$ cat run.cif   # mmCIF, C-alpha atoms
data_model
#
loop_
_atom_site.group_PDB
_atom_site.id
_atom_site.type_symbol
_atom_site.label_atom_id
_atom_site.label_comp_id
_atom_site.auth_asym_id
_atom_site.auth_seq_id
_atom_site.Cartn_x
_atom_site.Cartn_y
_atom_site.Cartn_z
ATOM 1 C CA MET A 96 106.025 11.081 84.603
ATOM 2 C CA ALA A 97 104.874 12.031 88.120
ATOM 3 C CA VAL A 98 107.433 9.644 89.622
ATOM 4 C CA VAL A 99 110.241 11.072 87.480
ATOM 5 C CA LEU A 100 109.303 14.653 88.386
ATOM 6 C CA ALA A 101 109.035 13.855 92.099
ATOM 7 C CA LEU A 102 112.401 12.074 92.127
ATOM 8 C CA SER A 103 113.952 14.968 90.219
ATOM 9 C CA SER A 104 112.597 17.380 92.824
ATOM 10 C CA ALA A 105 114.217 15.278 95.567
ATOM 11 C CA VAL A 106 117.591 15.414 93.793
ATOM 12 C CA VAL A 107 117.386 19.186 93.332
ATOM 13 C CA TYR A 108 116.065 19.776 96.879
ATOM 14 C CA GLY A 109 119.019 17.852 98.271
ATOM 15 C CA ALA A 110 121.556 19.715 96.157
ATOM 16 C CA SER A 111 120.035 23.059 97.142
ATOM 17 C CA ASP A 112 120.129 22.132 100.828
ATOM 18 C CA PHE A 113 123.770 21.151 100.458
ATOM 19 C CA LEU A 114 124.653 24.509 98.882
ATOM 20 C CA GLY A 115 122.575 26.331 101.468
ATOM 21 C CA GLY A 116 124.451 24.513 104.202
ATOM 22 C CA LEU A 117 127.771 25.589 102.715
ATOM 23 C CA ALA A 118 126.528 29.177 102.483
ATOM 24 C CA SER A 119 125.418 29.070 106.141
ATOM 25 C CA ARG A 120 129.052 28.508 107.089
ATOM 26 C CA LYS A 121 129.943 31.853 105.497
ATOM 27 C CA ALA A 122 126.897 33.990 106.357
ATOM 28 C CA SER A 123 124.020 34.177 108.851
ATOM 29 C CA VAL A 124 121.199 31.684 108.481
ATOM 30 C CA PHE A 125 118.648 34.469 108.020
ATOM 31 C CA ALA A 126 120.709 35.982 105.201
ATOM 32 C CA VAL A 127 120.923 32.606 103.485
ATOM 33 C CA VAL A 128 117.214 31.831 103.837
ATOM 34 C CA ALA A 129 115.902 35.287 102.906
ATOM 35 C CA LEU A 130 118.194 35.951 99.957
ATOM 36 C CA SER A 131 118.045 32.431 98.541
ATOM 37 C CA GLN A 132 114.269 32.618 98.509
ATOM 38 C CA LEU A 133 114.408 36.047 96.871
ATOM 39 C CA ALA A 134 116.713 34.653 94.167
ATOM 40 C CA GLY A 135 114.283 31.807 93.593
ATOM 41 C CA LEU A 136 111.359 34.229 93.315
ATOM 42 C CA ILE A 137 113.165 36.320 90.686
ATOM 43 C CA ALA A 138 113.931 33.190 88.645
ATOM 44 C CA LEU A 139 110.312 32.059 88.947
ATOM 45 C CA VAL A 140 108.875 35.369 87.771
ATOM 46 C CA ALA A 141 111.147 35.229 84.726
ATOM 47 C CA LEU A 142 109.708 31.823 83.783
ATOM 48 C CA LEU A 143 106.027 32.609 84.365
ATOM 49 C CA PRO A 144 105.297 33.687 80.758
ATOM 50 C CA TRP A 145 106.036 30.097 79.699
ATOM 51 C CA LEU A 146 105.185 28.020 82.782
ATOM 52 C CA GLY A 147 102.510 30.103 84.498
ATOM 53 C CA GLY A 148 98.770 29.629 84.327
ATOM 54 C CA PRO A 149 95.463 31.174 85.373
ATOM 55 C CA VAL A 150 94.901 31.171 89.125
ATOM 56 C CA THR A 151 91.900 31.680 91.349
ATOM 57 C CA THR A 152 91.807 33.309 94.749
ATOM 58 C CA ALA A 153 91.881 29.834 96.233
ATOM 59 C CA ASP A 154 95.078 28.971 94.364
ATOM 60 C CA VAL A 155 96.773 32.117 95.684
ATOM 61 C CA ALA A 156 95.569 31.336 99.210
ATOM 62 C CA TRP A 157 96.817 27.721 99.065
ATOM 63 C CA GLY A 158 100.142 28.911 97.679
ATOM 64 C CA ALA A 159 100.573 31.563 100.369
ATOM 65 C CA ALA A 160 99.649 29.063 103.082
ATOM 66 C CA ALA A 161 102.235 26.636 101.692
ATOM 67 C CA GLY A 162 104.888 29.358 101.756
ATOM 68 C CA LEU A 163 104.096 30.239 105.373
ATOM 69 C CA ALA A 164 104.244 26.567 106.338
ATOM 70 C CA GLY A 165 107.595 26.080 104.599
ATOM 71 C CA SER A 166 109.242 29.162 106.123
ATOM 72 C CA THR A 167 107.857 28.316 109.566
ATOM 73 C CA GLY A 168 109.377 24.866 109.219
ATOM 74 C CA LEU A 169 112.755 26.380 108.317
ATOM 75 C CA LEU A 170 112.753 28.730 111.300
ATOM 76 C CA VAL A 171 111.713 26.013 113.757
ATOM 77 C CA PHE A 172 114.205 23.565 112.228
ATOM 78 C CA PHE A 173 117.169 25.924 112.483
ATOM 79 C CA ARG A 174 116.191 26.853 116.035
ATOM 80 C CA ALA A 175 115.988 23.171 116.941
ATOM 81 C CA LEU A 176 119.403 22.499 115.403
ATOM 82 C CA ALA A 177 120.888 25.340 117.418
ATOM 83 C CA THR A 178 119.593 24.008 120.732
ATOM 84 C CA GLY A 179 119.347 20.243 120.254
ATOM 85 C CA VAL A 180 121.188 17.179 119.019
ATOM 86 C CA MET A 181 121.510 17.384 115.223
ATOM 87 C CA SER A 182 121.796 13.602 114.773
ATOM 88 C CA VAL A 183 118.372 13.262 116.409
ATOM 89 C CA ILE A 184 116.588 16.331 115.052
ATOM 90 C CA ALA A 185 117.486 15.796 111.369
ATOM 91 C CA PRO A 186 116.030 12.271 110.966
ATOM 92 C CA VAL A 187 112.935 13.014 113.067
ATOM 93 C CA THR A 188 112.204 16.127 111.017
ATOM 94 C CA ALA A 189 112.828 14.346 107.712
ATOM 95 C CA VAL A 190 110.619 11.329 108.392
ATOM 96 C CA THR A 191 107.799 13.529 109.724
ATOM 97 C CA ALA A 192 107.955 15.676 106.594
ATOM 98 C CA ALA A 193 107.783 12.515 104.486
ATOM 99 C CA ALA A 194 104.963 10.927 106.469
ATOM 100 C CA VAL A 195 102.565 13.891 106.433
ATOM 101 C CA PRO A 196 101.776 13.876 102.675
ATOM 102 C CA VAL A 197 101.556 10.071 102.754
ATOM 103 C CA PHE A 198 98.904 10.056 105.468
ATOM 104 C CA VAL A 199 97.006 13.006 104.015
ATOM 105 C CA GLY A 200 97.052 11.425 100.563
ATOM 106 C CA LEU A 201 95.781 8.077 101.826
ATOM 107 C CA LEU A 202 93.085 9.729 103.935
ATOM 108 C CA GLY A 203 92.098 11.783 100.893
ATOM 109 C CA GLY A 204 91.466 8.676 98.831
ATOM 110 C CA ASP A 205 94.765 7.993 97.069
ATOM 111 C CA ARG A 206 94.805 4.413 95.850
ATOM 112 C CA ILE A 207 98.132 2.653 95.649
ATOM 113 C CA GLY A 208 99.106 -0.907 94.847
ATOM 114 C CA PRO A 209 100.683 -3.335 97.337
ATOM 115 C CA TRP A 210 104.181 -2.878 95.903
ATOM 116 C CA ALA A 211 103.884 0.890 96.163
ATOM 117 C CA ALA A 212 102.677 0.582 99.752
ATOM 118 C CA VAL A 213 105.758 -1.448 100.683
ATOM 119 C CA GLY A 214 107.915 1.056 98.802
ATOM 120 C CA ILE A 215 106.440 3.957 100.770
ATOM 121 C CA VAL A 216 107.216 2.229 104.068
ATOM 122 C CA LEU A 217 110.778 1.546 102.919
ATOM 123 C CA ALA A 218 111.143 5.162 101.785
ATOM 124 C CA LEU A 219 110.176 6.390 105.262
ATOM 125 C CA VAL A 220 112.752 4.047 106.784
ATOM 126 C CA ALA A 221 115.349 5.235 104.265
ATOM 127 C CA VAL A 222 114.777 8.889 105.179
ATOM 128 C CA VAL A 223 115.495 8.126 108.831
ATOM 129 C CA LEU A 224 118.611 6.089 108.099
ATOM 130 C CA VAL A 225 120.122 8.497 105.581
ATOM 131 C CA SER A 226 119.570 11.455 107.908
ATOM 132 C CA ALA A 227 121.078 9.666 110.927
ATOM 133 C CA GLU A 228 124.598 11.092 110.711
ATOM 134 C CA GLY A 229 125.329 9.882 114.222
ATOM 135 C CA GLY A 230 124.024 6.389 113.514
ATOM 136 C CA VAL A 231 120.819 4.766 114.744
ATOM 137 C CA ARG A 232 122.146 4.627 118.304
ATOM 138 C CA ALA A 233 122.105 8.415 118.438
ATOM 139 C CA LEU A 234 118.310 8.324 118.223
ATOM 140 C CA ARG A 235 118.268 6.787 121.689
ATOM 141 C CA ALA A 236 119.497 10.108 123.008
ATOM 142 C CA ALA A 237 116.237 11.724 121.976
ATOM 143 C CA ARG A 238 114.444 13.694 124.659
ATOM 144 C CA PRO A 239 110.877 15.034 124.531
ATOM 145 C CA GLY A 240 112.186 18.601 124.664
ATOM 146 C CA SER A 241 114.155 18.140 121.456
ATOM 147 C CA LEU A 242 111.625 15.903 119.712
ATOM 148 C CA LEU A 243 108.733 18.370 119.809
ATOM 149 C CA PRO A 244 110.487 21.096 117.753
ATOM 150 C CA ALA A 245 111.729 18.461 115.297
ATOM 151 C CA LEU A 246 108.217 17.073 114.908
ATOM 152 C CA GLY A 247 106.848 20.604 114.496
ATOM 153 C CA ALA A 248 109.365 21.437 111.777
ATOM 154 C CA GLY A 249 108.656 18.171 109.978
ATOM 155 C CA LEU A 250 104.923 18.786 110.181
ATOM 156 C CA ALA A 251 105.368 22.242 108.658
ATOM 157 C CA PHE A 252 107.559 20.878 105.836
ATOM 158 C CA GLY A 253 105.022 18.142 105.145
ATOM 159 C CA LEU A 254 102.172 20.666 105.074
ATOM 160 C CA PHE A 255 104.083 22.597 102.413
ATOM 161 C CA PHE A 256 103.681 19.615 100.073
ATOM 162 C CA VAL A 257 100.065 19.060 101.074
ATOM 163 C CA LEU A 258 99.010 22.680 100.577
ATOM 164 C CA LEU A 259 100.720 23.003 97.200
ATOM 165 C CA ASP A 260 98.900 19.862 96.096
ATOM 166 C CA ARG A 261 95.593 21.669 96.641
ATOM 167 C CA THR A 262 96.226 24.168 93.837
ATOM 168 C CA ALA A 263 94.540 23.711 90.458
ATOM 169 C CA GLU A 264 96.216 21.577 87.802
ATOM 170 C CA ASP A 265 96.056 24.323 85.164
ATOM 171 C CA ALA A 266 97.586 26.968 87.450
ATOM 172 C CA GLY A 267 101.101 26.028 86.413
ATOM 173 C CA LEU A 268 103.823 27.523 88.595
ATOM 174 C CA THR A 269 101.903 30.706 89.409
ATOM 175 C CA PRO A 270 100.878 29.571 92.939
ATOM 176 C CA LEU A 271 104.578 29.409 93.810
ATOM 177 C CA VAL A 272 104.758 33.207 93.495
ATOM 178 C CA ALA A 273 102.310 33.545 96.381
ATOM 179 C CA ALA A 274 104.176 30.840 98.292
ATOM 180 C CA ARG A 275 107.563 32.470 97.938
ATOM 181 C CA THR A 276 106.265 35.999 98.610
ATOM 182 C CA ALA A 277 104.613 34.889 101.845
ATOM 183 C CA SER A 278 107.708 32.951 102.854
ATOM 184 C CA ILE A 279 110.104 35.855 102.276
ATOM 185 C CA THR A 280 107.807 38.233 104.165
ATOM 186 C CA LEU A 281 107.671 35.989 107.219
ATOM 187 C CA VAL A 282 111.433 35.384 107.302
ATOM 188 C CA LEU A 283 112.184 39.101 106.987
ATOM 189 C CA LEU A 284 109.707 39.995 109.734
ATOM 190 C CA VAL A 285 111.259 37.456 112.108
ATOM 191 C CA ALA A 286 114.777 38.628 111.220
ATOM 192 C CA LEU A 287 113.920 42.296 111.740
ATOM 193 C CA SER A 288 112.088 41.670 115.002
ATOM 194 C CA GLY A 289 115.100 39.798 116.325
ATOM 195 C CA ARG A 290 117.565 42.281 114.798
ATOM 196 C CA ARG A 291 119.208 39.499 112.790
ATOM 197 C CA SER A 292 121.427 40.399 109.875
ATOM 198 C CA VAL A 293 120.269 39.506 106.364
ATOM 199 C CA ARG A 294 123.396 40.874 104.723
ATOM 200 C CA PRO A 295 125.407 38.115 103.019
ATOM 201 C CA THR A 296 129.147 37.880 102.763
ATOM 202 C CA ARG A 297 130.674 38.133 99.304
ATOM 203 C CA ALA A 298 131.916 34.545 99.494
ATOM 204 C CA ALA A 299 128.461 33.202 100.350
ATOM 205 C CA LEU A 300 126.445 35.148 97.761
ATOM 206 C CA PRO A 301 127.008 32.818 94.744
ATOM 207 C CA LEU A 302 126.112 29.785 96.855
ATOM 208 C CA ILE A 303 122.995 31.541 98.136
ATOM 209 C CA VAL A 304 121.805 32.444 94.645
ATOM 210 C CA VAL A 305 122.336 28.956 93.202
ATOM 211 C CA SER A 306 120.733 27.365 96.263
ATOM 212 C CA GLY A 307 117.685 29.618 95.960
ATOM 213 C CA VAL A 308 117.208 29.006 92.245
ATOM 214 C CA GLY A 309 117.644 25.275 92.823
ATOM 215 C CA ASP A 310 115.116 25.246 95.652
ATOM 216 C CA MET A 311 112.580 26.995 93.456
ATOM 217 C CA ALA A 312 113.279 24.519 90.650
ATOM 218 C CA ALA A 313 112.626 21.683 93.099
ATOM 219 C CA ASN A 314 109.350 23.291 94.182
ATOM 220 C CA ALA A 315 108.352 23.593 90.548
ATOM 221 C CA LEU A 316 109.186 19.949 89.838
ATOM 222 C CA PHE A 317 107.109 18.794 92.805
ATOM 223 C CA LEU A 318 104.163 20.990 91.813
ATOM 224 C CA LEU A 319 104.311 19.675 88.253
ATOM 225 C CA ALA A 320 104.424 16.121 89.629
ATOM 226 C CA THR A 321 101.163 16.700 91.490
ATOM 227 C CA GLN A 322 99.593 18.469 88.509
ATOM 228 C CA THR A 323 100.287 15.489 86.246
ATOM 229 C CA GLY A 324 97.997 13.407 88.426
ATOM 230 C CA GLY A 325 100.537 11.732 90.682
ATOM 231 C CA PRO A 326 99.046 10.579 94.023
ATOM 232 C CA LEU A 327 100.194 12.794 96.892
ATOM 233 C CA ALA A 328 101.107 9.713 98.938
ATOM 234 C CA ILE A 329 103.700 8.800 96.297
ATOM 235 C CA THR A 330 104.912 12.192 95.047
ATOM 236 C CA GLY A 331 105.246 13.453 98.613
ATOM 237 C CA VAL A 332 107.353 10.573 99.872
ATOM 238 C CA LEU A 333 109.557 10.528 96.766
ATOM 239 C CA SER A 334 110.247 14.256 97.025
ATOM 240 C CA SER A 335 111.110 13.742 100.688
ATOM 241 C CA LEU A 336 114.043 11.510 99.736
ATOM 242 C CA TYR A 337 116.106 14.696 99.295
ATOM 243 C CA PRO A 338 118.529 13.790 102.149
ATOM 244 C CA VAL A 339 119.954 11.127 99.821
ATOM 245 C CA SER A 340 121.429 13.644 97.373
ATOM 246 C CA THR A 341 122.563 15.907 100.232
ATOM 247 C CA VAL A 342 124.484 13.044 101.827
ATOM 248 C CA LEU A 343 126.003 11.931 98.523
ATOM 249 C CA LEU A 344 127.173 15.455 97.730
ATOM 250 C CA ALA A 345 128.684 15.787 101.203
ATOM 251 C CA GLN A 346 130.632 12.588 100.555
ATOM 252 C CA LEU A 347 131.789 13.609 97.079
ATOM 253 C CA VAL A 348 132.600 17.268 97.739
ATOM 254 C CA LEU A 349 133.463 17.408 101.439
ATOM 255 C CA ARG A 350 134.804 13.850 101.687
ATOM 256 C CA GLU A 351 132.506 13.119 104.615
ATOM 257 C CA ARG A 352 132.356 9.458 105.563
ATOM 258 C CA LEU A 353 129.063 7.635 105.606
ATOM 259 C CA VAL A 354 128.142 5.734 108.740
ATOM 260 C CA PRO A 355 126.698 2.206 108.288
ATOM 261 C CA ALA A 356 123.163 3.463 108.922
ATOM 262 C CA GLN A 357 123.459 5.928 106.043
ATOM 263 C CA LEU A 358 124.762 3.264 103.675
ATOM 264 C CA ALA A 359 121.810 1.077 104.619
ATOM 265 C CA GLY A 360 119.537 4.053 104.032
ATOM 266 C CA LEU A 361 120.865 4.598 100.514
ATOM 267 C CA MET A 362 120.212 0.963 99.594
ATOM 268 C CA THR A 363 116.778 1.093 101.206
ATOM 269 C CA ALA A 364 115.927 4.245 99.241
ATOM 270 C CA ALA A 365 116.910 2.546 95.975
ATOM 271 C CA ALA A 366 114.724 -0.441 96.799
ATOM 272 C CA ALA A 367 111.836 1.850 97.715
ATOM 273 C CA VAL A 368 111.978 3.669 94.381
ATOM 274 C CA VAL A 369 111.989 0.383 92.474
ATOM 275 C CA LEU A 370 108.954 -0.926 94.378
ATOM 276 C CA ILE A 371 107.011 2.322 93.980
ATOM 277 C CA THR A 372 107.479 2.249 90.211
ATOM 278 C CA LEU A 373 106.323 -1.367 89.823
ATOM 279 C CA PRO A 374 102.893 -1.777 88.215
ATOM 280 C CA GLY A 375 100.026 -2.910 90.378
#
$ encode --input "run.cif" --output "structure tokens"
Amino acid sequence: MAVVLALSSAVVYGASDFLGGLASRKASVFAVVALSQLAGLIALVALLPWLGGPVTTADVAWGAAAGLAGSTGLLVFFRALATGVMSVIAPVTAVTAAAVPVFVGLLGGDRIGPWAAVGIVLALVAVVLVSAEGGVRALRAARPGSLLPALGAGLAFGLFFVLLDRTAEDAGLTPLVAARTASITLVLLVALSGRRSVRPTRAALPLIVVSGVGDMAANALFLLATQTGGPLAITGVLSSLYPVSTVLLAQLVLRERLVPAQLAGLMTAAAAVVLITLPG
């Protein structure tokens, strides 16, 4: 069940990112991030009577810390994309985000079988390949100045998974309220301090709302995956396969062509999932 939930979160994360990317073409990034997260928070609050649970102060603190980490990652990531080479920044950020929960989970005592270990390694490779829109050769253009922000954004995204995993199993989705509230607050403060507009265009608003609700649904699926007892090393890396669904949607909807590296990444991701689900 944990594997199914984590994979489902990856699919929904990828679809939400795709819609958010489309919305960013019609409105400012800060408007997309702030309003999509607000839409997700409203949807979450509506579901709490059925999917919420009792929380302690620690649960609220872990949730808020996760929200701050996630929003920090978004801000650093978008800044890096604006000043660096996208074909380098995207895969570096993605693989870092995938690797952080794996390492933290293993250091924390997660026990995985040999097949799952191979699957995790393949999943990390798949994340790099699928995210490499410019092909593997583009990674050779990486410079330390562009790598550091990408690594920082990936670290923040990975910490989001790690911190959410620290909440209690019976807390349900309630810690996500603290996460989303903290995230929205930080984004709005940064936008206001930089005098950035958070007003969406009419054409972008539906995309923003659906993206925000989808992102919250993905967060909920990941949290439920961890609460069902799934090892963080496995749930984290599976959830981090979200670039796969983003790339597939870009091909189906926008008719974007996949480069050979991305095709190899899709096949590698499929193999990784199979190995991770094998017993022993």
$ resolve_selection --input "run.cif" --expression "the PyMOL selection byres ((chain A and resi 135-151) around 9)" --output "short mmCIF file (atom, residue, chain, number, x, y, z; two decimals) with C-alpha atoms, in the frame of the given file"
data_model
loop_
_atom_site.label_atom_id
_atom_site.label_comp_id
_atom_site.auth_asym_id
_atom_site.auth_seq_id
_atom_site.Cartn_x
_atom_site.Cartn_y
_atom_site.Cartn_z
CA LEU A 130 118.19 35.95 99.96
CA SER A 131 118.04 32.43 98.54
CA GLN A 132 114.27 32.62 98.51
CA LEU A 133 114.41 36.05 96.87
CA ALA A 134 116.71 34.65 94.17
CA THR A 152 91.81 33.31 94.75
CA ALA A 153 91.88 29.83 96.23
CA ASP A 154 95.08 28.97 94.36
CA VAL A 155 96.77 32.12 95.68
CA ALA A 156 95.57 31.34 99.21
CA THR A 262 96.23 24.17 93.84
CA ALA A 263 94.54 23.71 90.46
CA ASP A 265 96.06 24.32 85.16
CA ALA A 266 97.59 26.97 87.45
CA GLY A 267 101.10 26.03 86.41
CA LEU A 268 103.82 27.52 88.60
CA THR A 269 101.90 30.71 89.41
CA PRO A 270 100.88 29.57 92.94
CA LEU A 271 104.58 29.41 93.81
CA VAL A 272 104.76 33.21 93.50
CA ARG A 275 107.56 32.47 97.94
CA THR A 276 106.26 36.00 98.61
CA VAL A 304 121.80 32.44 94.64
CA VAL A 305 122.34 28.96 93.20
CA SER A 306 120.73 27.36 96.26
CA GLY A 307 117.68 29.62 95.96
CA VAL A 308 117.21 29.01 92.24
CA GLY A 309 117.64 25.28 92.82
CA ASP A 310 115.12 25.25 95.65
CA MET A 311 112.58 27.00 93.46
CA ALA A 312 113.28 24.52 90.65
CA ALA A 315 108.35 23.59 90.55
#
$ closest_residue --input "run.cif" --among "A:Leu242, A:Val220, A:Leu344, A:Leu302" --to "A:Ala365" --atoms "all atoms listed in the file"
A:Val220
$ closest_residue --input "run.cif" --among "A:Val225, A:Ala366, A:Val339, A:Leu316" --to "A:Leu100" --atoms "all atoms listed in the file"
A:Leu316
$ residues_around --input "run.cif" --residues "A:Val222" --least-positions-apart "6" --cutoff "8 Å" --atoms "only C-alpha atoms" --output "VMD selection string"
chain A and resid 186 189 to 190 193 335 to 336 338 to 339 360 364
$ closest_residue --input "run.cif" --among "A:Ala129, A:Ile207, A:Ile215, A:Val285" --to "A:Gly325" --atoms "only C-alpha atoms"
A:Ile207
$ closest_residue --input "run.cif" --among "A:Leu343, A:Ala356, A:Ala367, A:Ala274" --to "A:Asp112" --atoms "all atoms listed in the file"
A:Leu343
$ closest_atom_pairs --input "run.cif" --of "stretch 201-302 of chain A" --to "stretch 117-123 of chain A" --cutoff "6 Å" --atoms "only C-alpha atoms" --output "tab-separated table"
residue	atom	partner	partner_atom	distance
A:Pro295	CA	A:Ala122	CA	5.5
A:Thr296	CA	A:Ala122	CA	5.8
A:Ala299	CA	A:Ala118	CA	4.9
A:Leu302	CA	A:Ala118	CA	5.7
$ residues_around --input "run.cif" --residues "A:Val342" --least-positions-apart "4" --cutoff "9 Å" --atoms "only C-alpha atoms" --output "list in words"
Gly109, Phe113, Val225, Ser226, Tyr337, Pro338, Gln346, Leu347, Glu351, Leu353 and Gln357 of chain A
$ closest_residue --input "run.cif" --among "A:Phe317, A:Tyr108, A:Phe173, A:Phe125" --to "A:Phe256" --atoms "only C-alpha atoms"
A:Phe317
$ residues_near_point --input "run.cif" --point "(101.3, 0.8, 101.3)" --cutoff "12 Å" --atoms "all atoms listed in the file" --output "list in words"
Ala194, Val197, Phe198, Gly200, Leu201, Asp205, Arg206, Ile207, Gly208, Pro209, Trp210, Ala211, Ala212, Val213, Gly214, Ile215, Val216, Leu217, Ala218, Leu219, Ala328, Ile329, Val332, Ala367, Leu370, Ile371 and Gly375 of chain A
$ write_last_selection --input "run.cif" --atoms "C-alpha atoms" --output "mmCIF file, keeping the file's coordinate frame"
data_model
loop_
_atom_site.group_PDB
_atom_site.id
_atom_site.type_symbol
_atom_site.label_atom_id
_atom_site.label_comp_id
_atom_site.auth_asym_id
_atom_site.auth_seq_id
_atom_site.Cartn_x
_atom_site.Cartn_y
_atom_site.Cartn_z
ATOM 1 C CA ALA A 194 104.963 10.927 106.469
ATOM 2 C CA VAL A 197 101.556 10.071 102.754
ATOM 3 C CA PHE A 198 98.904 10.056 105.468
ATOM 4 C CA GLY A 200 97.052 11.425 100.563
ATOM 5 C CA LEU A 201 95.781 8.077 101.826
ATOM 6 C CA ASP A 205 94.765 7.993 97.069
ATOM 7 C CA ARG A 206 94.805 4.413 95.850
ATOM 8 C CA ILE A 207 98.132 2.653 95.649
ATOM 9 C CA GLY A 208 99.106 -0.907 94.847
ATOM 10 C CA PRO A 209 100.683 -3.335 97.337
ATOM 11 C CA TRP A 210 104.181 -2.878 95.903
ATOM 12 C CA ALA A 211 103.884 0.890 96.163
ATOM 13 C CA ALA A 212 102.677 0.582 99.752
ATOM 14 C CA VAL A 213 105.758 -1.448 100.683
ATOM 15 C CA GLY A 214 107.915 1.056 98.802
ATOM 16 C CA ILE A 215 106.440 3.957 100.770
ATOM 17 C CA VAL A 216 107.216 2.229 104.068
ATOM 18 C CA LEU A 217 110.778 1.546 102.919
ATOM 19 C CA ALA A 218 111.143 5.162 101.785
ATOM 20 C CA LEU A 219 110.176 6.390 105.262
ATOM 21 C CA ALA A 328 101.107 9.713 98.938
ATOM 22 C CA ILE A 329 103.700 8.800 96.297
ATOM 23 C CA VAL A 332 107.353 10.573 99.872
ATOM 24 C CA ALA A 367 111.836 1.850 97.715
ATOM 25 C CA LEU A 370 108.954 -0.926 94.378
ATOM 26 C CA ILE A 371 107.011 2.322 93.980
ATOM 27 C CA GLY A 375 100.026 -2.910 90.378
#
$ decode --input "run.cif" --residues "stretch 209-223 of chain A" --atoms "N, CA and C atoms" --output "mmCIF file, in the first residue's frame"
data_model
loop_
_atom_site.group_PDB
_atom_site.id
_atom_site.type_symbol
_atom_site.label_atom_id
_atom_site.label_comp_id
_atom_site.auth_asym_id
_atom_site.auth_seq_id
_atom_site.Cartn_x
_atom_site.Cartn_y
_atom_site.Cartn_z
ATOM 1 N N PRO A 209 17.898 -6.447 -1.174
ATOM 2 C CA PRO A 209 18.853 -6.165 -2.251
ATOM 3 C C PRO A 209 18.186 -5.683 -3.530
ATOM 4 N N TRP A 210 17.016 -6.249 -3.869
ATOM 5 C CA TRP A 210 16.327 -5.797 -5.076
ATOM 6 C C TRP A 210 15.873 -4.355 -4.937
ATOM 7 N N ALA A 211 15.361 -4.014 -3.756
ATOM 8 C CA ALA A 211 14.923 -2.641 -3.521
ATOM 9 C C ALA A 211 16.097 -1.667 -3.575
ATOM 10 N N ALA A 212 17.247 -2.101 -3.078
ATOM 11 C CA ALA A 212 18.431 -1.242 -3.110
ATOM 12 C C ALA A 212 18.837 -0.926 -4.548
ATOM 13 N N VAL A 213 18.818 -1.959 -5.399
ATOM 14 C CA VAL A 213 19.135 -1.739 -6.816
ATOM 15 C C VAL A 213 18.085 -0.832 -7.449
ATOM 16 N N GLY A 214 16.817 -1.052 -7.077
ATOM 17 C CA GLY A 214 15.737 -0.225 -7.613
ATOM 18 C C GLY A 214 15.891 1.232 -7.228
ATOM 19 N N ILE A 215 16.324 1.492 -6.004
ATOM 20 C CA ILE A 215 16.526 2.876 -5.559
ATOM 21 C C ILE A 215 17.619 3.549 -6.381
ATOM 22 N N VAL A 216 18.711 2.830 -6.607
ATOM 23 C CA VAL A 216 19.799 3.388 -7.426
ATOM 24 C C VAL A 216 19.303 3.697 -8.835
ATOM 25 N N LEU A 217 18.548 2.762 -9.419
ATOM 26 C CA LEU A 217 18.009 2.989 -10.759
ATOM 27 C C LEU A 217 17.026 4.164 -10.770
ATOM 28 N N ALA A 218 16.247 4.312 -9.707
ATOM 29 C CA ALA A 218 15.304 5.422 -9.636
ATOM 30 C C ALA A 218 16.036 6.759 -9.628
ATOM 31 N N LEU A 219 17.154 6.834 -8.910
ATOM 32 C CA LEU A 219 17.942 8.070 -8.887
ATOM 33 C C LEU A 219 18.498 8.381 -10.276
ATOM 34 N N VAL A 220 18.949 7.334 -10.959
ATOM 35 C CA VAL A 220 19.441 7.522 -12.337
ATOM 36 C C VAL A 220 18.298 7.977 -13.240
ATOM 37 N N ALA A 221 17.129 7.374 -13.059
ATOM 38 C CA ALA A 221 15.972 7.714 -13.895
ATOM 39 C C ALA A 221 15.569 9.170 -13.723
ATOM 40 N N VAL A 222 15.622 9.672 -12.492
ATOM 41 C CA VAL A 222 15.252 11.066 -12.235
ATOM 42 C C VAL A 222 16.161 12.007 -13.009
ATOM 43 N N VAL A 223 17.455 11.702 -13.026
ATOM 44 C CA VAL A 223 18.398 12.543 -13.768
ATOM 45 C C VAL A 223 18.096 12.507 -15.258
#
